[in-house]
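Visitor: Contents of upload.cif (mmCIF, C-alpha atoms, pLDDT in the B column; chains and numbers go by the auth columns) are below:
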```cif
data_target
#
loop_
_atom_site.group_PDB
_atom_site.id
_atom_site.type_symbol
_atom_site.label_atom_id
_atom_site.label_comp_id
_atom_site.label_asym_id
_atom_site.label_seq_id
_atom_site.Cartn_x
_atom_site.Cartn_y
_atom_site.Cartn_z
_atom_site.B_iso_or_equiv
_atom_site.auth_seq_id
_atom_site.auth_asym_id
ATOM 1 C CA MET A 1 120.156 11.515 144.467 41.00 137 A
ATOM 2 C CA ARG A 2 121.556 15.024 144.656 41.00 138 A
ATOM 3 C CA LYS A 3 118.971 17.797 144.445 44.00 139 A
ATOM 4 C CA ARG A 4 119.445 20.328 141.648 44.00 140 A
ATOM 5 C CA LYS A 5 118.899 24.029 141.822 46.00 141 A
ATOM 6 C CA GLU A 6 115.259 24.946 141.473 49.00 142 A
ATOM 7 C CA VAL A 7 114.099 27.726 139.209 48.00 143 A
ATOM 8 C CA SER A 8 111.196 30.012 139.997 48.00 144 A
ATOM 9 C CA LYS A 9 109.900 32.328 137.322 50.00 145 A
ATOM 10 C CA THR A 10 107.843 35.515 137.318 51.00 146 A
ATOM 11 C CA ASN A 11 106.802 37.341 134.164 49.00 147 A
ATOM 12 C CA PHE A 12 106.645 41.121 133.944 46.00 148 A
ATOM 13 C CA ILE A 13 106.202 43.797 131.298 43.00 149 A
ATOM 14 C CA TYR A 14 108.706 46.630 130.835 45.00 150 A
ATOM 15 C CA GLY A 15 107.586 49.065 128.177 45.00 151 A
ATOM 16 C CA LYS A 16 106.382 46.963 125.266 45.00 152 A
ATOM 17 C CA ALA A 17 108.698 44.049 126.004 49.00 153 A
ATOM 18 C CA LYS A 18 107.769 41.022 128.098 56.00 154 A
ATOM 19 C CA TYR A 19 110.416 39.679 130.464 62.00 155 A
ATOM 20 C CA ALA A 20 110.745 36.639 132.667 66.00 156 A
ATOM 21 C CA PHE A 21 112.539 37.045 135.964 64.00 157 A
ATOM 22 C CA LEU A 22 114.284 33.781 136.811 66.00 158 A
ATOM 23 C CA CYS A 23 115.561 33.032 140.308 66.00 159 A
ATOM 24 C CA LEU A 24 117.743 30.057 141.062 67.00 160 A
ATOM 25 C CA LYS A 25 117.625 28.250 144.373 60.00 161 A
ATOM 26 C CA ASN A 26 120.961 29.809 145.298 64.00 162 A
ATOM 27 C CA LYS A 27 119.194 33.234 145.193 65.00 163 A
ATOM 28 C CA LYS A 28 120.880 34.351 141.975 71.00 164 A
ATOM 29 C CA CYS A 29 118.274 36.028 139.789 71.00 165 A
ATOM 30 C CA PHE A 30 118.297 37.373 136.275 67.00 166 A
ATOM 31 C CA SER A 31 115.834 38.523 133.678 65.00 167 A
ATOM 32 C CA VAL A 32 115.487 37.300 130.126 62.00 168 A
ATOM 33 C CA ARG A 33 113.357 38.803 127.425 59.00 169 A
ATOM 34 C CA VAL A 34 110.445 36.500 126.669 58.00 170 A
ATOM 35 C CA MET A 35 110.212 35.750 122.999 57.00 171 A
ATOM 36 C CA SER A 36 107.593 33.789 121.212 71.00 172 A
ATOM 37 C CA TYR A 37 109.091 30.534 120.046 77.00 173 A
ATOM 38 C CA LYS A 38 110.591 30.900 116.580 88.00 174 A
ATOM 39 C CA SER A 39 111.189 28.277 113.882 91.00 175 A
ATOM 40 C CA HIS A 40 113.795 25.551 114.243 95.00 176 A
ATOM 41 C CA GLU A 41 115.613 27.102 111.296 96.00 177 A
ATOM 42 C CA TYR A 42 115.894 30.400 113.190 96.00 178 A
ATOM 43 C CA TYR A 43 117.638 28.755 116.155 97.00 179 A
ATOM 44 C CA LEU A 44 119.823 26.567 113.934 97.00 180 A
ATOM 45 C CA LYS A 45 121.024 29.706 112.157 97.00 181 A
ATOM 46 C CA LYS A 46 121.927 31.141 115.571 97.00 182 A
ATOM 47 C CA ALA A 47 123.928 27.950 116.244 97.00 183 A
ATOM 48 C CA ILE A 48 125.676 28.393 112.882 97.00 184 A
ATOM 49 C CA GLU A 49 126.779 31.869 114.003 97.00 185 A
ATOM 50 C CA VAL A 50 128.195 30.310 117.183 96.00 186 A
ATOM 51 C CA SER A 51 130.062 27.715 115.073 94.00 187 A
ATOM 52 C CA LYS A 52 131.661 30.527 113.046 95.00 188 A
ATOM 53 C CA ARG A 53 132.910 32.133 116.255 95.00 189 A
ATOM 54 C CA SER A 54 134.234 28.753 117.390 93.00 190 A
ATOM 55 C CA ARG A 55 136.366 28.481 114.262 93.00 191 A
ATOM 56 C CA GLU A 56 137.510 32.111 114.558 94.00 192 A
ATOM 57 C CA HIS A 57 138.648 31.372 118.133 95.00 193 A
ATOM 58 C CA GLY A 58 140.812 28.420 117.030 93.00 194 A
ATOM 59 C CA ASN A 59 138.434 25.541 117.638 92.00 195 A
ATOM 60 C CA THR A 60 136.578 23.102 115.445 89.00 196 A
ATOM 61 C CA PRO A 61 133.548 24.727 113.766 92.00 197 A
ATOM 62 C CA PHE A 62 130.667 23.535 115.917 93.00 198 A
ATOM 63 C CA GLY A 63 128.122 25.511 117.908 96.00 199 A
ATOM 64 C CA ALA A 64 125.184 24.791 120.201 98.00 200 A
ATOM 65 C CA ILE A 65 122.501 26.836 121.928 98.00 201 A
ATOM 66 C CA LEU A 66 120.008 26.008 124.654 98.00 202 A
ATOM 67 C CA VAL A 67 116.473 27.383 124.314 97.00 203 A
ATOM 68 C CA ASP A 68 113.732 27.280 126.945 94.00 204 A
ATOM 69 C CA GLN A 69 110.129 26.323 126.188 91.00 205 A
ATOM 70 C CA GLU A 70 109.172 29.959 125.567 88.00 206 A
ATOM 71 C CA GLY A 71 111.858 30.490 122.934 92.00 207 A
ATOM 72 C CA ASN A 72 114.438 32.320 125.021 92.00 208 A
ATOM 73 C CA ILE A 73 118.053 31.544 124.217 95.00 209 A
ATOM 74 C CA LEU A 74 119.522 30.669 127.603 96.00 210 A
ATOM 75 C CA LEU A 75 123.064 29.642 126.646 97.00 211 A
ATOM 76 C CA GLU A 76 125.344 29.642 123.611 97.00 212 A
ATOM 77 C CA GLN A 77 128.426 27.463 123.410 96.00 213 A
ATOM 78 C CA GLU A 78 131.320 27.128 121.013 92.00 214 A
ATOM 79 C CA ASN A 79 133.450 24.016 120.777 94.00 215 A
ATOM 80 C CA VAL A 80 136.456 24.468 123.142 93.00 216 A
ATOM 81 C CA GLU A 81 138.232 21.155 122.605 89.00 217 A
ATOM 82 C CA ILE A 82 141.395 22.667 121.109 86.00 218 A
ATOM 83 C CA THR A 83 141.837 25.923 123.020 91.00 219 A
ATOM 84 C CA ASP A 84 140.986 24.390 126.395 92.00 220 A
ATOM 85 C CA LYS A 85 142.839 21.131 125.587 93.00 221 A
ATOM 86 C CA LYS A 86 139.719 19.322 126.729 89.00 222 A
ATOM 87 C CA CYS A 87 138.680 16.082 125.025 89.00 223 A
ATOM 88 C CA THR A 88 135.101 16.608 126.207 91.00 224 A
ATOM 89 C CA GLY A 89 135.051 20.182 124.904 91.00 225 A
ATOM 90 C CA HIS A 90 132.380 19.636 122.281 94.00 226 A
ATOM 91 C CA ALA A 91 129.824 22.451 122.100 96.00 227 A
ATOM 92 C CA GLU A 92 126.902 20.233 123.129 97.00 228 A
ATOM 93 C CA THR A 93 128.691 18.659 126.088 97.00 229 A
ATOM 94 C CA GLN A 94 129.831 22.040 127.365 97.00 230 A
ATOM 95 C CA VAL A 95 126.414 23.691 127.060 97.00 231 A
ATOM 96 C CA VAL A 96 124.840 20.784 128.962 98.00 232 A
ATOM 97 C CA GLU A 97 127.521 20.993 131.647 97.00 233 A
ATOM 98 C CA ARG A 98 126.875 24.722 132.114 97.00 234 A
ATOM 99 C CA ALA A 99 123.087 24.250 132.060 97.00 235 A
ATOM 100 C CA SER A 100 123.167 21.502 134.691 96.00 236 A
ATOM 101 C CA VAL A 101 124.796 23.915 137.127 96.00 237 A
ATOM 102 C CA LEU A 102 122.259 26.682 136.469 96.00 238 A
ATOM 103 C CA TYR A 103 118.947 24.805 136.119 96.00 239 A
ATOM 104 C CA ASP A 104 117.240 21.789 137.635 94.00 240 A
ATOM 105 C CA LYS A 105 116.473 18.689 135.597 95.00 241 A
ATOM 106 C CA GLU A 106 112.736 19.340 135.494 94.00 242 A
ATOM 107 C CA PHE A 107 113.326 22.733 133.875 95.00 243 A
ATOM 108 C CA LEU A 108 115.876 21.295 131.414 97.00 244 A
ATOM 109 C CA TRP A 109 113.452 18.586 130.293 97.00 245 A
ATOM 110 C CA ASN A 110 111.370 21.353 128.695 95.00 246 A
ATOM 111 C CA CYS A 111 114.367 22.893 126.917 97.00 247 A
ATOM 112 C CA THR A 112 115.712 22.299 123.414 97.00 248 A
ATOM 113 C CA LEU A 113 119.359 21.970 122.481 98.00 249 A
ATOM 114 C CA TYR A 114 120.057 23.244 118.957 98.00 250 A
ATOM 115 C CA THR A 115 123.302 22.188 117.330 97.00 251 A
ATOM 116 C CA THR A 116 124.869 22.555 113.922 95.00 252 A
ATOM 117 C CA ALA A 117 125.749 18.871 113.583 94.00 253 A
ATOM 118 C CA GLU A 118 124.176 15.719 114.964 95.00 254 A
ATOM 119 C CA PRO A 119 125.459 15.083 118.491 96.00 255 A
ATOM 120 C CA CYS A 120 128.135 12.384 118.740 94.00 256 A
ATOM 121 C CA ALA A 121 127.817 9.482 121.189 94.00 257 A
ATOM 122 C CA MET A 122 129.575 11.444 123.958 96.00 258 A
ATOM 123 C CA CYS A 123 127.397 14.531 123.494 96.00 259 A
ATOM 124 C CA SER A 124 124.266 12.382 123.277 97.00 260 A
ATOM 125 C CA GLY A 125 125.206 10.850 126.620 97.00 261 A
ATOM 126 C CA ALA A 126 125.644 14.301 128.166 98.00 262 A
ATOM 127 C CA ILE A 127 122.264 15.388 126.776 98.00 263 A
ATOM 128 C CA TYR A 128 120.663 12.254 128.206 98.00 264 A
ATOM 129 C CA TRP A 129 122.209 12.646 131.672 97.00 265 A
ATOM 130 C CA GLY A 130 121.573 16.407 131.655 97.00 266 A
ATOM 131 C CA ASN A 131 117.877 15.692 131.002 98.00 267 A
ATOM 132 C CA ILE A 132 117.475 17.899 127.946 98.00 268 A
ATOM 133 C CA GLY A 133 114.109 16.884 126.473 97.00 269 A
ATOM 134 C CA ARG A 134 114.607 17.784 122.818 98.00 270 A
ATOM 135 C CA VAL A 135 117.511 17.966 120.358 98.00 271 A
ATOM 136 C CA VAL A 136 117.396 19.699 116.987 98.00 272 A
ATOM 137 C CA TYR A 137 120.365 19.420 114.642 97.00 273 A
ATOM 138 C CA GLY A 138 121.132 20.750 111.180 96.00 274 A
ATOM 139 C CA MET A 139 123.620 18.311 109.635 95.00 275 A
ATOM 140 C CA SER A 140 123.659 14.531 110.055 91.00 276 A
ATOM 141 C CA GLU A 141 126.675 12.588 111.269 85.00 277 A
ATOM 142 C CA VAL A 142 126.883 11.049 107.768 81.00 278 A
ATOM 143 C CA ASP A 143 127.062 14.507 106.142 83.00 279 A
ATOM 144 C CA LEU A 144 129.674 15.549 108.685 79.00 280 A
ATOM 145 C CA LEU A 145 131.825 12.510 107.892 72.00 281 A
ATOM 146 C CA GLU A 146 131.845 13.544 104.223 77.00 282 A
ATOM 147 C CA LEU A 147 133.441 16.838 105.308 75.00 283 A
ATOM 148 C CA THR A 148 135.862 15.548 107.935 74.00 284 A
ATOM 149 C CA GLY A 149 136.982 12.326 106.285 67.00 285 A
ATOM 150 C CA ASP A 150 139.522 10.555 108.480 78.00 286 A
ATOM 151 C CA ASP A 151 140.850 13.740 110.079 72.00 287 A
ATOM 152 C CA PRO A 152 142.217 12.647 113.485 69.00 288 A
ATOM 153 C CA GLN A 153 140.655 15.717 115.123 73.00 289 A
ATOM 154 C CA ASN A 154 137.168 14.287 114.509 74.00 290 A
ATOM 155 C CA PRO A 155 137.146 10.455 114.375 74.00 291 A
ATOM 156 C CA THR A 156 133.408 10.143 113.783 76.00 292 A
ATOM 157 C CA PHE A 157 131.345 7.253 115.185 77.00 293 A
ATOM 158 C CA SER A 158 128.904 5.485 112.922 80.00 294 A
ATOM 159 C CA LEU A 159 126.255 5.862 115.600 88.00 295 A
ATOM 160 C CA THR A 160 123.322 8.272 115.447 94.00 296 A
ATOM 161 C CA CYS A 161 122.057 10.198 118.453 96.00 297 A
ATOM 162 C CA ARG A 162 118.674 8.515 117.953 96.00 298 A
ATOM 163 C CA GLU A 163 120.335 5.125 118.454 96.00 299 A
ATOM 164 C CA VAL A 164 122.029 6.316 121.657 97.00 300 A
ATOM 165 C CA PHE A 165 118.800 7.765 123.073 97.00 301 A
ATOM 166 C CA LYS A 166 116.811 4.663 122.111 96.00 302 A
ATOM 167 C CA ARG A 167 118.973 2.609 124.503 96.00 303 A
ATOM 168 C CA GLY A 168 118.006 4.815 127.455 95.00 304 A
ATOM 169 C CA GLN A 169 114.899 5.129 129.592 96.00 305 A
ATOM 170 C CA LYS A 170 113.879 8.630 128.468 95.00 306 A
ATOM 171 C CA LYS A 171 111.966 9.621 125.345 95.00 307 A
ATOM 172 C CA ILE A 172 114.188 12.447 124.107 97.00 308 A
ATOM 173 C CA GLU A 173 112.719 14.026 120.991 97.00 309 A
ATOM 174 C CA VAL A 174 115.120 14.364 118.048 97.00 310 A
ATOM 175 C CA ILE A 175 114.474 16.589 115.045 97.00 311 A
ATOM 176 C CA GLY A 176 116.891 16.737 112.133 96.00 312 A
ATOM 177 C CA PRO A 177 118.638 16.896 109.811 96.00 313 A
ATOM 178 C CA PHE A 178 117.572 20.029 107.933 96.00 314 A
ATOM 179 C CA PRO A 179 118.681 19.513 104.297 95.00 315 A
ATOM 180 C CA GLU A 180 117.951 23.156 103.483 96.00 316 A
ATOM 181 C CA LEU A 181 120.661 24.238 105.980 96.00 317 A
ATOM 182 C CA VAL A 182 123.336 21.619 105.285 93.00 318 A
ATOM 183 C CA GLU A 183 125.189 23.772 102.735 94.00 319 A
ATOM 184 C CA GLU A 184 125.243 26.778 105.079 95.00 320 A
ATOM 185 C CA ILE A 185 126.593 24.607 107.896 93.00 321 A
ATOM 186 C CA ALA A 186 129.117 22.937 105.569 90.00 322 A
ATOM 187 C CA GLN A 187 130.402 26.353 104.478 91.00 323 A
ATOM 188 C CA VAL A 188 131.763 26.964 107.992 89.00 324 A
ATOM 189 C CA HIS A 189 133.709 23.682 107.708 84.00 325 A
ATOM 190 C CA ARG A 190 135.231 24.410 104.253 84.00 326 A
ATOM 191 C CA ASP A 191 139.027 24.071 104.201 85.00 327 A
ATOM 192 C CA TYR A 192 139.147 23.197 107.891 80.00 328 A
ATOM 193 C CA TRP A 193 139.518 19.406 107.817 68.00 329 A
ATOM 194 C CA LYS A 194 142.621 17.639 106.515 72.00 330 A
ATOM 195 C CA LYS A 195 140.703 14.600 105.267 47.00 331 A
#
```
Output the file's structure as structure tokens, nothing else.
Guide:
Amino acid sequence: MRKRKEVSKTNFIYGKAKYAFLCLKNKKCFSVRVMSYKSHEYYLKKAIEVSKRSREHGNTPFGAILVDQEGNILLEQENVEITDKKCTGHAETQVVERASVLYDKEFLWNCTLYTTAEPCAMCSGAIYWGNIGRVVYGMSEVDLLELTGDDPQNPTFSLTCREVFKRGQKKIEVIGPFPELVEEIAQVHRDYWKK
């Protein structure tokens, strides 16, 4: 088994703000502002903003963010399937791919992936293999199908992420959908899909 980069962390105060100084095994270090963990709705709204940028940049309107256990947003990712001509360019798959290069699996197990729509089977597999311990999504796959119809750009599976994770050996926590955010998420999709 290949060893992943290890992360060491030191907290420090600068003025009134608390920061964490993260150093990767490859000696690359960076600081992130330590936030107290906010509500799931807060992070889902951040993912919605990412999905808007995804659409503005010519991709399907999906967005994902990765948050550490202290509430710091580590990564944001738009869908890049169209612009990068990459069939695996879903926001969730790409954020997991980036995270797996930067952080070790033990660190990622304590992270949460927030995404606007329920992860598809492919993205669920990436989350599983990337060792992300928790997934929070806003809109269910069923709600998404109502928006996309039979658009060939998004041939939806009738398979929930919970079902995918249940077949594995890890207990990945899944939270969602959030009915109070479905309309806001759906608004980004309006007039996008051919149905």
Visitor: How many Å separate CA of Arg303 (chain A) from CA of Asn290 (chain A)?
Guide: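 According to the coordinates, CA of Arg303 (chain A) and CA of Asn290 (chain A) are separated by 23.8 Å.
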Visitor: Determine the residue membership of the PyMOL selection byres ((chain A and resi 180) around 8) for the file above and supply it as a list in words.
Guide: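 Those residues are His176, Glu177, Tyr178, Tyr179, Lys181, Lys182, Ala183, Ile184, Tyr250, Thr251, Thr252, Val272, Tyr273 and Gly274 of chain A.
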Visitor: Calculated over all atoms listed in the file, which of the candidates A:Cys297, A:Ile308, A:Ala200, A:Val186 has the smallest distance to Trp245 (chain A)?
Guide: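 Closest to Trp245 (chain A) of all the choices is A:Ile308.
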Visitor: Dump as JSON lines the rows for residues of region 248-325 of chain A within 12 Å of region 188-193 of chain A: closest atom pair and distance in Å with one decimal, all atoms listed in the file counted, ordered by chain and rising residue number.
Guide:
```
{"residue": "A:Thr252", "atom": "CA", "partner": "A:Lys188", "partner_atom": "CA", "distance": 10.5}
{"residue": "A:Glu320", "atom": "CA", "partner": "A:Lys188", "partner_atom": "CA", "distance": 10.9}
{"residue": "A:Ile321", "atom": "CA", "partner": "A:Lys188", "partner_atom": "CA", "distance": 9.3}
{"residue": "A:Ala322", "atom": "CA", "partner": "A:Lys188", "partner_atom": "CA", "distance": 11.0}
{"residue": "A:Gln323", "atom": "CA", "partner": "A:Lys188", "partner_atom": "CA", "distance": 9.6}
{"residue": "A:Val324", "atom": "CA", "partner": "A:Lys188", "partner_atom": "CA", "distance": 6.2}
{"residue": "A:His325", "atom": "CA", "partner": "A:Arg191", "partner_atom": "CA", "distance": 8.5}
```
Visitor: Give me, please, the distance in Å between CA of Asp286 (chain A) and CA of Phe314 (chain A), quoted to one decimal.
Guide: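 For CA of Asp286 (chain A) relative to CA of Phe314 (chain A), the distance reads 23.9 Å.
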Visitor: Measuring atom to atom with only C-alpha atoms, identify which of A:Ile209, A:Ile263, A:Met275, A:Leu283 is nearest to Lys241 (chain A).
Guide: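 Looking at the shortest contact to Lys241 (chain A), the residue is A:Ile263.
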Visitor: Smallest atom-to-atom distance to Pro291 (chain A): which of A:Lys330, A:Glu212, A:Ser172, A:Glu309, using all atoms listed in the file?
Guide: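 The answer is A:Lys330, which sits nearest to Pro291 (chain A).
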Visitor: CA of Cys247 (chain A) and CA of Asp204 (chain A) are how many Å apart?
Guide: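 CA of Asp204 (chain A) lies at a distance of 4.4 Å from CA of Cys247 (chain A).
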Visitor: With only C-alpha atoms as the atoms that count, which of A:Ser175, A:Ser187, A:Asn246, A:Thr196 lies nearest to Asp287 (chain A)?
Guide: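 Once distances to Asp287 (chain A) are computed over only C-alpha atoms, the minimum belongs to A:Thr196.
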Visitor: Give me the result of the PyMOL selection byres ((chain A and resi 230-232) around 9) on this file, residue by residue, as a PyMOL selection string.
Guide: chain A and resi 200-202+211-216+224-229+233-237+249+259+262-263+265-268
Visitor: Assuming the chain letters and numbering stay as they are in my file, what does the PyMOL selection byres ((chain A and resi 278) around 12) actually select? List them as a compact mmCIF listing (two decimals) with C-alpha atoms, in the frame of the given file.
Guide:
```
# COMPACT_ATOMS: atom_id res chain seq x y z
CA ALA A 253 125.75 18.87 113.58
CA GLU A 254 124.18 15.72 114.96
CA PRO A 255 125.46 15.08 118.49
CA CYS A 256 128.14 12.38 118.74
CA GLY A 274 121.13 20.75 111.18
CA MET A 275 123.62 18.31 109.64
CA SER A 276 123.66 14.53 110.06
CA GLU A 277 126.68 12.59 111.27
CA ASP A 279 127.06 14.51 106.14
CA LEU A 280 129.67 15.55 108.68
CA LEU A 281 131.82 12.51 107.89
CA GLU A 282 131.84 13.54 104.22
CA LEU A 283 133.44 16.84 105.31
CA THR A 284 135.86 15.55 107.94
CA GLY A 285 136.98 12.33 106.28
CA THR A 292 133.41 10.14 113.78
CA PHE A 293 131.34 7.25 115.18
CA SER A 294 128.90 5.48 112.92
CA LEU A 295 126.26 5.86 115.60
CA THR A 296 123.32 8.27 115.45
CA CYS A 297 122.06 10.20 118.45
CA PRO A 313 118.64 16.90 109.81
CA VAL A 318 123.34 21.62 105.28
```
Visitor: Taking all atoms listed in the file into account, name the residue in A:Lys307, A:Lys302, A:Arg270, A:Lys221 that is nearest to Gln289 (chain A).
Guide: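 Between A:Lys307, A:Lys302, A:Arg270, A:Lys221, the residue approaching Gln289 (chain A) most closely is A:Lys221.
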Visitor: Of the candidates A:Val271, A:Glu242, A:Pro197, A:Lys164, which shows the shortest atom-to-atom distance to Arg326 (chain A), using all atoms listed in the file?
Guide: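 Nearest to Arg326 (chain A): A:Pro197.
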Visitor: Set up a box along x, y and z of the file covering all listed atoms of region 286-290 of chain A, add 6 Å on every one of the six sides, and write the centre and edge lengths in Å to one decimal, as AutoDock Vina command-line options.
Guide:
```
--center_x 139.7 --center_y 13.1 --center_z 111.8 --size_x 17.0 --size_y 17.2 --size_z 18.6
```
Visitor: Would you mind completing region 250-267 of chain A to N, CA, C and O atoms and writing the output as a PDB file, in the coordinates of the input?
Guide:
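Contents of result.pdb, as written:
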```pdb
ATOM      1  N   TYR A 250     119.863  23.106 120.399  1.00 98.00           N
ATOM      2  CA  TYR A 250     120.057  23.244 118.957  1.00 98.00           C
ATOM      3  C   TYR A 250     121.541  23.148 118.676  1.00 98.00           C
ATOM      4  O   TYR A 250     122.350  23.780 119.362  1.00 98.00           O
ATOM      5  N   THR A 251     121.903  22.376 117.660  1.00 97.00           N
ATOM      6  CA  THR A 251     123.302  22.188 117.330  1.00 97.00           C
ATOM      7  C   THR A 251     123.484  22.065 115.827  1.00 97.00           C
ATOM      8  O   THR A 251     122.602  21.571 115.127  1.00 97.00           O
ATOM      9  N   THR A 252     124.623  22.541 115.363  1.00 95.00           N
ATOM     10  CA  THR A 252     124.869  22.555 113.922  1.00 95.00           C
ATOM     11  C   THR A 252     124.977  21.158 113.345  1.00 95.00           C
ATOM     12  O   THR A 252     124.520  20.917 112.227  1.00 95.00           O
ATOM     13  N   ALA A 253     125.580  20.241 114.071  1.00 94.00           N
ATOM     14  CA  ALA A 253     125.749  18.871 113.583  1.00 94.00           C
ATOM     15  C   ALA A 253     125.162  17.893 114.591  1.00 94.00           C
ATOM     16  O   ALA A 253     125.098  18.176 115.787  1.00 94.00           O
ATOM     17  N   GLU A 254     124.764  16.749 114.106  1.00 95.00           N
ATOM     18  CA  GLU A 254     124.176  15.719 114.964  1.00 95.00           C
ATOM     19  C   GLU A 254     125.117  15.406 116.121  1.00 95.00           C
ATOM     20  O   GLU A 254     126.313  15.201 115.911  1.00 95.00           O
ATOM     21  N   PRO A 255     124.606  15.370 117.339  1.00 96.00           N
ATOM     22  CA  PRO A 255     125.459  15.083 118.491  1.00 96.00           C
ATOM     23  C   PRO A 255     126.121  13.707 118.383  1.00 96.00           C
ATOM     24  O   PRO A 255     125.484  12.726 117.991  1.00 96.00           O
ATOM     25  N   CYS A 256     127.411  13.659 118.723  1.00 94.00           N
ATOM     26  CA  CYS A 256     128.135  12.384 118.740  1.00 94.00           C
ATOM     27  C   CYS A 256     127.665  11.558 119.942  1.00 94.00           C
ATOM     28  O   CYS A 256     126.835  12.001 120.741  1.00 94.00           O
ATOM     29  N   ALA A 257     128.213  10.370 120.085  1.00 94.00           N
ATOM     30  CA  ALA A 257     127.817   9.482 121.189  1.00 94.00           C
ATOM     31  C   ALA A 257     128.089  10.130 122.548  1.00 94.00           C
ATOM     32  O   ALA A 257     127.265  10.041 123.464  1.00 94.00           O
ATOM     33  N   MET A 258     129.247  10.797 122.683  1.00 96.00           N
ATOM     34  CA  MET A 258     129.575  11.444 123.958  1.00 96.00           C
ATOM     35  C   MET A 258     128.585  12.563 124.271  1.00 96.00           C
ATOM     36  O   MET A 258     128.065  12.653 125.387  1.00 96.00           O
ATOM     37  N   CYS A 259     128.320  13.407 123.284  1.00 96.00           N
ATOM     38  CA  CYS A 259     127.397  14.531 123.494  1.00 96.00           C
ATOM     39  C   CYS A 259     125.979  14.034 123.747  1.00 96.00           C
ATOM     40  O   CYS A 259     125.264  14.593 124.572  1.00 96.00           O
ATOM     41  N   SER A 260     125.590  12.972 123.053  1.00 97.00           N
ATOM     42  CA  SER A 260     124.266  12.382 123.277  1.00 97.00           C
ATOM     43  C   SER A 260     124.144  11.884 124.714  1.00 97.00           C
ATOM     44  O   SER A 260     123.106  12.061 125.347  1.00 97.00           O
ATOM     45  N   GLY A 261     125.206  11.288 125.225  1.00 97.00           N
ATOM     46  CA  GLY A 261     125.206  10.850 126.620  1.00 97.00           C
ATOM     47  C   GLY A 261     125.058  12.014 127.579  1.00 97.00           C
ATOM     48  O   GLY A 261     124.303  11.947 128.556  1.00 97.00           O
ATOM     49  N   ALA A 262     125.761  13.119 127.310  1.00 98.00           N
ATOM     50  CA  ALA A 262     125.644  14.301 128.166  1.00 98.00           C
ATOM     51  C   ALA A 262     124.227  14.866 128.117  1.00 98.00           C
ATOM     52  O   ALA A 262     123.667  15.247 129.145  1.00 98.00           O
ATOM     53  N   ILE A 263     123.638  14.897 126.926  1.00 98.00           N
ATOM     54  CA  ILE A 263     122.264  15.388 126.776  1.00 98.00           C
ATOM     55  C   ILE A 263     121.309  14.512 127.576  1.00 98.00           C
ATOM     56  O   ILE A 263     120.423  14.996 128.275  1.00 98.00           O
ATOM     57  N   TYR A 264     121.497  13.214 127.481  1.00 98.00           N
ATOM     58  CA  TYR A 264     120.663  12.254 128.206  1.00 98.00           C
ATOM     59  C   TYR A 264     120.778  12.483 129.721  1.00 98.00           C
ATOM     60  O   TYR A 264     119.776  12.633 130.417  1.00 98.00           O
ATOM     61  N   TRP A 265     122.005  12.503 130.232  1.00 97.00           N
ATOM     62  CA  TRP A 265     122.209  12.646 131.672  1.00 97.00           C
ATOM     63  C   TRP A 265     121.848  14.050 132.163  1.00 97.00           C
ATOM     64  O   TRP A 265     121.445  14.231 133.306  1.00 97.00           O
ATOM     65  N   GLY A 266     121.956  15.044 131.288  1.00 97.00           N
ATOM     66  CA  GLY A 266     121.573  16.407 131.655  1.00 97.00           C
ATOM     67  C   GLY A 266     120.069  16.628 131.629  1.00 97.00           C
ATOM     68  O   GLY A 266     119.582  17.636 132.096  1.00 97.00           O
ATOM     69  N   ASN A 267     119.339  15.675 131.034  1.00 98.00           N
ATOM     70  CA  ASN A 267     117.877  15.692 131.002  1.00 98.00           C
ATOM     71  C   ASN A 267     117.296  16.753 130.063  1.00 98.00           C
ATOM     72  O   ASN A 267     116.238  17.308 130.318  1.00 98.00           O
TER      73      ASN A 267
END
```
